[in-house]
Amino acid sequence: MRRLVAAVVLLFIVSAVTFSIFFLVPRLTGATPETLATRYVGRTATEETVKAIADKLGFYDSIFTQYGQWAKGVVAGADYDLGGEVEHCPAPCLGYSFITNRPVWPELIDRIPVTLSLAVGAALIWVVAGVSIGVLSALRRGTVFDRGAMGIALAGVSLPIFYTGLISLTIFSYGLDWTAKAGRFVPFEENPGEWAYSLLLPWITLAFLFSAQYARLTRAGMLETMNEDFIRTARAKGLPERTVVVKHGLRGALTPILTIFGLDVGLLLGGAVLTESAFSLKGLGQYAVQAINDNDLPKVMGVVLCASVFIVIANLIVDLLYAVVDPRVRTS
């Protein structure tokens, strides 16, 4: 219950800070409501048009009034004047786009499946590959396999996703024609096979970056855990080496893995900006980039709030999994 209350408070703080960046900071630097409104009108707009847009968007209201109206819409819905007619936006109402006059929440719902598919598929690959390689490297410390795996892991951590993404597209998609072209996405409910085929290259490219980090972290954790007293006790009891490694050694080394896994998955669900941009996937990341370029506050606020919810939920689940994975957490 304490974590849930803290999560609500955290979401409030994140939304307030983001709102202040777009509205309070410009006012502190001398921007007027008319100056803010000129972002959303043409260059040839008259002074009356600018003032009308500023009044419609609520720029003449105080910062507290503007944020209160936005927060009320998220919780209870809101009514918006779209020029001649008033339309009710049901909760959770994240407002209407300043550019397109379309509601933000339905657009987020349309793009969440793309980002969710990308994050879940890549997460499964990088966790299985990274943890497996890290365990094998720890058990074969100093061997050719260990040095080679850690060298590849170092390269994976060092290479940015926009570089590996473009290289992989050039070779495997447009060169060898082994994978789907950029920008293609098939919903899972339409064809699961085509869904996996369209996302295979983004999954592998994204997993290559993250699995390298997980391999290095797992190796370090296993080397430390395998020297603990309870490992020697397990071996002294005559347990098979596989049981000692998997049930006792790996479980003890998974706590830091779970920590960064919750953060990584939460961030990806909030929008894998570079990956979606490199592969032209219309997910939350690409949506956020477009919103920032357009200075479209409702869209930016929607993505930030959505990403915050994903990160808070992911970390809450990770906290609960600590006691399941590591018995030392339960006894403490």
# chains A, B, ... in the order shown; residues from 1 in each chain; ligands from 1
>>> closest_atom_pairs(of="segment 120-235 of chain A", to="segment 267-287 of chain A", cutoff="12 Å", atoms="only C-alpha atoms", output="JSON lines")
{"residue": "A:Val120", "atom": "CA", "partner": "A:Leu269", "partner_atom": "CA", "distance": 8.6}
{"residue": "A:Gly121", "atom": "CA", "partner": "A:Leu268", "partner_atom": "CA", "distance": 11.2}
{"residue": "A:Ala122", "atom": "CA", "partner": "A:Leu268", "partner_atom": "CA", "distance": 9.7}
{"residue": "A:Ala123", "atom": "CA", "partner": "A:Leu268", "partner_atom": "CA", "distance": 9.3}
{"residue": "A:Pro160", "atom": "CA", "partner": "A:Leu274", "partner_atom": "CA", "distance": 9.0}
{"residue": "A:Ile161", "atom": "CA", "partner": "A:Thr275", "partner_atom": "CA", "distance": 6.5}
{"residue": "A:Phe162", "atom": "CA", "partner": "A:Ala278", "partner_atom": "CA", "distance": 5.7}
{"residue": "A:Tyr163", "atom": "CA", "partner": "A:Ala278", "partner_atom": "CA", "distance": 8.6}
{"residue": "A:Thr164", "atom": "CA", "partner": "A:Ala278", "partner_atom": "CA", "distance": 9.3}
{"residue": "A:Gly165", "atom": "CA", "partner": "A:Ala278", "partner_atom": "CA", "distance": 6.0}
{"residue": "A:Leu166", "atom": "CA", "partner": "A:Ala278", "partner_atom": "CA", "distance": 6.5}
{"residue": "A:Ile167", "atom": "CA", "partner": "A:Ala278", "partner_atom": "CA", "distance": 10.1}
{"residue": "A:Ser168", "atom": "CA", "partner": "A:Phe279", "partner_atom": "CA", "distance": 10.1}
{"residue": "A:Leu169", "atom": "CA", "partner": "A:Phe279", "partner_atom": "CA", "distance": 8.0}
{"residue": "A:Thr170", "atom": "CA", "partner": "A:Phe279", "partner_atom": "CA", "distance": 11.2}
{"residue": "A:Ser173", "atom": "CA", "partner": "A:Phe279", "partner_atom": "CA", "distance": 10.8}
{"residue": "A:Thr179", "atom": "CA", "partner": "A:Phe279", "partner_atom": "CA", "distance": 11.9}
{"residue": "A:Ala180", "atom": "CA", "partner": "A:Phe279", "partner_atom": "CA", "distance": 10.1}
{"residue": "A:Lys181", "atom": "CA", "partner": "A:Phe279", "partner_atom": "CA", "distance": 8.2}
{"residue": "A:Ala182", "atom": "CA", "partner": "A:Phe279", "partner_atom": "CA", "distance": 4.8}
{"residue": "A:Gly183", "atom": "CA", "partner": "A:Ser280", "partner_atom": "CA", "distance": 4.4}
{"residue": "A:Arg184", "atom": "CA", "partner": "A:Leu281", "partner_atom": "CA", "distance": 7.1}
{"residue": "A:Phe185", "atom": "CA", "partner": "A:Leu281", "partner_atom": "CA", "distance": 7.2}
{"residue": "A:Val186", "atom": "CA", "partner": "A:Leu281", "partner_atom": "CA", "distance": 10.9}
{"residue": "A:Ser198", "atom": "CA", "partner": "A:Leu281", "partner_atom": "CA", "distance": 10.2}
{"residue": "A:Leu199", "atom": "CA", "partner": "A:Phe279", "partner_atom": "CA", "distance": 9.4}
{"residue": "A:Leu200", "atom": "CA", "partner": "A:Phe279", "partner_atom": "CA", "distance": 11.3}
{"residue": "A:Leu201", "atom": "CA", "partner": "A:Phe279", "partner_atom": "CA", "distance": 9.0}
{"residue": "A:Pro202", "atom": "CA", "partner": "A:Phe279", "partner_atom": "CA", "distance": 7.0}
{"residue": "A:Trp203", "atom": "CA", "partner": "A:Thr275", "partner_atom": "CA", "distance": 9.4}
{"residue": "A:Ile204", "atom": "CA", "partner": "A:Thr275", "partner_atom": "CA", "distance": 11.1}
{"residue": "A:Thr205", "atom": "CA", "partner": "A:Thr275", "partner_atom": "CA", "distance": 8.5}
{"residue": "A:Leu206", "atom": "CA", "partner": "A:Thr275", "partner_atom": "CA", "distance": 7.2}
{"residue": "A:Ala207", "atom": "CA", "partner": "A:Thr275", "partner_atom": "CA", "distance": 10.9}
{"residue": "A:Leu209", "atom": "CA", "partner": "A:Thr275", "partner_atom": "CA", "distance": 10.9}
{"residue": "A:Phe210", "atom": "CA", "partner": "A:Leu268", "partner_atom": "CA", "distance": 11.3}
>>> residues_around(residues="Ser20 of chain A", least_positions_apart="4", cutoff="12 Å", atoms="only C-alpha atoms", output="list in words")
Ile13, Val14, Ser15, Ala16, Leu24, Val25, Pro26, Arg27, Leu28, Ser62, Ile63, Phe64, Gln66, Tyr67, Leu297 and Met301 of chain A
>>> closest_residue(among="A:Ala71, A:Gly77, A:Ile152, A:Ala37", to="Phe59 of chain A", atoms="only C-alpha atoms")
A:Ala37
>>> residues_around(residues="Leu4 of chain A", least_positions_apart="4", cutoff="9 Å", atoms="only C-alpha atoms", output="PyMOL selection string")
chain A and resi 8-9+316
>>> residues_around(residues="Ile317 of chain A", least_positions_apart="2", cutoff="12 Å", atoms="only C-alpha atoms", output="number ranges by chain")
A: 3-4, 258-259, 261-263, 265-266, 310-315, 319-324
>>> write_last_selection(atoms="all heavy atoms", output="compact mmCIF listing (two decimals), in the first residue's frame")
# COMPACT_ATOMS: atom_id res chain seq x y z
N ARG A 3 3.80 1.52 -1.32
CA ARG A 3 4.35 1.67 -2.68
C ARG A 3 3.30 2.24 -3.64
O ARG A 3 3.63 3.05 -4.52
CB ARG A 3 4.84 0.32 -3.19
CG ARG A 3 6.12 -0.18 -2.51
CD ARG A 3 7.25 0.81 -2.70
NE ARG A 3 8.49 0.35 -2.13
CZ ARG A 3 9.53 -0.07 -2.84
NH1 ARG A 3 9.46 -0.05 -4.15
NH2 ARG A 3 10.62 -0.46 -2.24
N LEU A 4 2.06 1.81 -3.51
CA LEU A 4 1.01 2.32 -4.40
C LEU A 4 0.78 3.82 -4.16
O LEU A 4 0.62 4.58 -5.11
CB LEU A 4 -0.28 1.54 -4.17
CG LEU A 4 -0.28 0.08 -4.65
CD1 LEU A 4 -1.60 -0.59 -4.29
CD2 LEU A 4 -0.05 0.01 -6.15
N LEU A 258 17.19 -8.25 -11.89
CA LEU A 258 15.79 -7.84 -11.81
C LEU A 258 15.66 -6.32 -11.71
O LEU A 258 14.73 -5.74 -12.27
CB LEU A 258 15.12 -8.50 -10.61
CG LEU A 258 14.73 -9.97 -10.76
CD1 LEU A 258 14.17 -10.50 -9.44
CD2 LEU A 258 13.71 -10.14 -11.86
N THR A 259 16.57 -5.71 -10.99
CA THR A 259 16.51 -4.25 -10.81
C THR A 259 16.61 -3.52 -12.15
O THR A 259 15.76 -2.68 -12.49
CB THR A 259 17.62 -3.78 -9.87
OG1 THR A 259 17.49 -4.46 -8.61
CG2 THR A 259 17.54 -2.28 -9.64
N PHE A 261 16.30 -4.84 -15.06
CA PHE A 261 15.28 -5.33 -16.00
C PHE A 261 13.99 -4.53 -15.86
O PHE A 261 13.36 -4.17 -16.85
CB PHE A 261 15.01 -6.81 -15.74
CG PHE A 261 14.00 -7.41 -16.69
CD1 PHE A 261 14.34 -7.66 -18.01
CD2 PHE A 261 12.73 -7.72 -16.26
CE1 PHE A 261 13.41 -8.20 -18.89
CE2 PHE A 261 11.80 -8.27 -17.12
CZ PHE A 261 12.14 -8.51 -18.44
N GLY A 262 13.60 -4.25 -14.62
CA GLY A 262 12.41 -3.43 -14.42
C GLY A 262 12.55 -2.04 -15.01
O GLY A 262 11.63 -1.52 -15.64
N LEU A 263 13.72 -1.44 -14.83
CA LEU A 263 13.96 -0.11 -15.39
C LEU A 263 13.97 -0.14 -16.91
O LEU A 263 13.37 0.71 -17.58
CB LEU A 263 15.28 0.45 -14.86
CG LEU A 263 15.33 0.82 -13.38
CD1 LEU A 263 16.74 1.21 -12.98
CD2 LEU A 263 14.36 1.96 -13.08
N VAL A 265 12.69 -2.40 -19.10
CA VAL A 265 11.39 -2.70 -19.70
C VAL A 265 10.45 -1.51 -19.54
O VAL A 265 9.71 -1.16 -20.48
CB VAL A 265 10.78 -3.96 -19.06
CG1 VAL A 265 9.34 -4.17 -19.54
CG2 VAL A 265 11.60 -5.19 -19.41
N GLY A 266 10.46 -0.87 -18.38
CA GLY A 266 9.62 0.31 -18.19
C GLY A 266 9.96 1.43 -19.16
O GLY A 266 9.08 2.06 -19.73
N PHE A 310 4.21 3.03 -16.81
CA PHE A 310 4.89 1.78 -17.13
C PHE A 310 6.10 1.55 -16.22
O PHE A 310 6.32 0.43 -15.74
CB PHE A 310 5.34 1.78 -18.60
CG PHE A 310 4.23 1.56 -19.58
CD1 PHE A 310 4.13 2.32 -20.73
CD2 PHE A 310 3.27 0.59 -19.34
CE1 PHE A 310 3.11 2.11 -21.63
CE2 PHE A 310 2.23 0.38 -20.25
CZ PHE A 310 2.16 1.15 -21.39
N ILE A 311 6.88 2.59 -16.00
CA ILE A 311 8.08 2.45 -15.17
C ILE A 311 7.72 2.14 -13.72
O ILE A 311 8.32 1.29 -13.07
CB ILE A 311 8.94 3.72 -15.27
CG1 ILE A 311 9.49 3.89 -16.69
CG2 ILE A 311 10.08 3.68 -14.26
CD1 ILE A 311 10.23 5.18 -16.92
N VAL A 312 6.70 2.83 -13.19
CA VAL A 312 6.28 2.59 -11.81
C VAL A 312 5.76 1.16 -11.65
O VAL A 312 6.10 0.46 -10.69
CB VAL A 312 5.21 3.62 -11.41
CG1 VAL A 312 4.55 3.21 -10.09
CG2 VAL A 312 5.81 5.00 -11.28
N ILE A 313 4.94 0.71 -12.60
CA ILE A 313 4.39 -0.65 -12.51
C ILE A 313 5.50 -1.68 -12.63
O ILE A 313 5.54 -2.68 -11.88
CB ILE A 313 3.33 -0.87 -13.60
CG1 ILE A 313 2.10 0.00 -13.32
CG2 ILE A 313 2.92 -2.34 -13.68
CD1 ILE A 313 1.04 -0.09 -14.40
N ALA A 314 6.43 -1.48 -13.55
CA ALA A 314 7.53 -2.43 -13.73
C ALA A 314 8.37 -2.53 -12.46
O ALA A 314 8.74 -3.65 -12.04
CB ALA A 314 8.40 -2.00 -14.91
N ASN A 315 8.68 -1.42 -11.84
CA ASN A 315 9.48 -1.46 -10.62
C ASN A 315 8.71 -2.06 -9.45
O ASN A 315 9.29 -2.72 -8.58
CB ASN A 315 9.95 -0.05 -10.26
CG ASN A 315 11.14 0.39 -11.10
OD1 ASN A 315 12.28 0.11 -10.77
ND2 ASN A 315 10.86 1.08 -12.19
N ASP A 319 9.97 -5.33 -7.33
CA ASP A 319 10.07 -5.38 -5.86
C ASP A 319 9.40 -6.63 -5.30
O ASP A 319 9.89 -7.25 -4.35
CB ASP A 319 9.43 -4.13 -5.25
CG ASP A 319 10.27 -2.89 -5.50
OD1 ASP A 319 11.46 -3.04 -5.79
OD2 ASP A 319 9.73 -1.78 -5.41
N LEU A 320 8.27 -7.01 -5.89
CA LEU A 320 7.58 -8.21 -5.43
C LEU A 320 8.33 -9.48 -5.82
O LEU A 320 8.27 -10.49 -5.10
CB LEU A 320 6.16 -8.25 -6.02
CG LEU A 320 5.22 -7.11 -5.60
CD1 LEU A 320 3.89 -7.22 -6.33
CD2 LEU A 320 5.00 -7.13 -4.10
N LEU A 321 9.05 -9.45 -6.93
CA LEU A 321 9.78 -10.63 -7.38
C LEU A 321 11.06 -10.86 -6.60
O LEU A 321 11.61 -11.97 -6.63
CB LEU A 321 10.11 -10.51 -8.87
CG LEU A 321 8.93 -10.65 -9.85
CD1 LEU A 321 9.41 -10.44 -11.28
CD2 LEU A 321 8.28 -12.03 -9.71
N TYR A 322 11.56 -9.84 -5.93
CA TYR A 322 12.79 -10.02 -5.13
C TYR A 322 12.65 -11.17 -4.15
O TYR A 322 13.52 -12.04 -4.03
CB TYR A 322 13.11 -8.74 -4.35
CG TYR A 322 13.74 -7.64 -5.17
CD1 TYR A 322 13.61 -6.32 -4.80
CD2 TYR A 322 14.48 -7.93 -6.32
CE1 TYR A 322 14.19 -5.30 -5.54
CE2 TYR A 322 15.05 -6.92 -7.06
CZ TYR A 322 14.91 -5.60 -6.67
OH TYR A 322 15.48 -4.60 -7.41
N ALA A 323 11.52 -11.19 -3.41
CA ALA A 323 11.32 -12.22 -2.40
C ALA A 323 11.10 -13.59 -3.02
O ALA A 323 11.38 -14.62 -2.40
CB ALA A 323 10.13 -11.86 -1.52
N VAL A 324 10.61 -13.63 -4.26
CA VAL A 324 10.39 -14.91 -4.93
C VAL A 324 11.71 -15.50 -5.40
O VAL A 324 11.95 -16.71 -5.29
CB VAL A 324 9.42 -14.73 -6.13
CG1 VAL A 324 9.25 -16.04 -6.88
CG2 VAL A 324 8.08 -14.21 -5.64
>>> select_by_dssp(residues="segment 22-269 of chain A", states="helix (DSSP H, G or I)", output="ChimeraX atom specification")
/A:22-28,33-40,47-56,63-76,104-139,144-158,161-175,192-225,229-236,241-269
>>> atom_distance(atom1="atom CA of Leu57 of chain A", atom2="atom CA of Phe98 of chain A")
7.9 Å
>>> atom_distance(atom1="atom CA of Glu34 of chain A", atom2="atom CA of Ile53 of chain A")
8.4 Å
>>> atom_distance(atom1="atom CA of Val128 of chain A", atom2="atom CA of Ala220 of chain A")
16.6 Å
>>> closest_residue(among="A:Met222, A:Leu124, A:Val318, A:Leu217", to="Val157 of chain A", atoms="only C-alpha atoms")
A:Leu217
>>> closest_residue(among="A:Leu254, A:Ala196, A:Leu136, A:Val86", to="Ser117 of chain A", atoms="only C-alpha atoms")
A:Ala196
>>> select_by_dssp(residues="segment 31-222 of chain A", states="strand (DSSP E)", output="MDAnalysis selection string")
chainID A and resid 78:81 86:89
>>> closest_residue(among="A:Gly249, A:Pro106, A:Pro298, A:Gly193", to="Thr225 of chain A", atoms="only C-alpha atoms")
A:Gly249
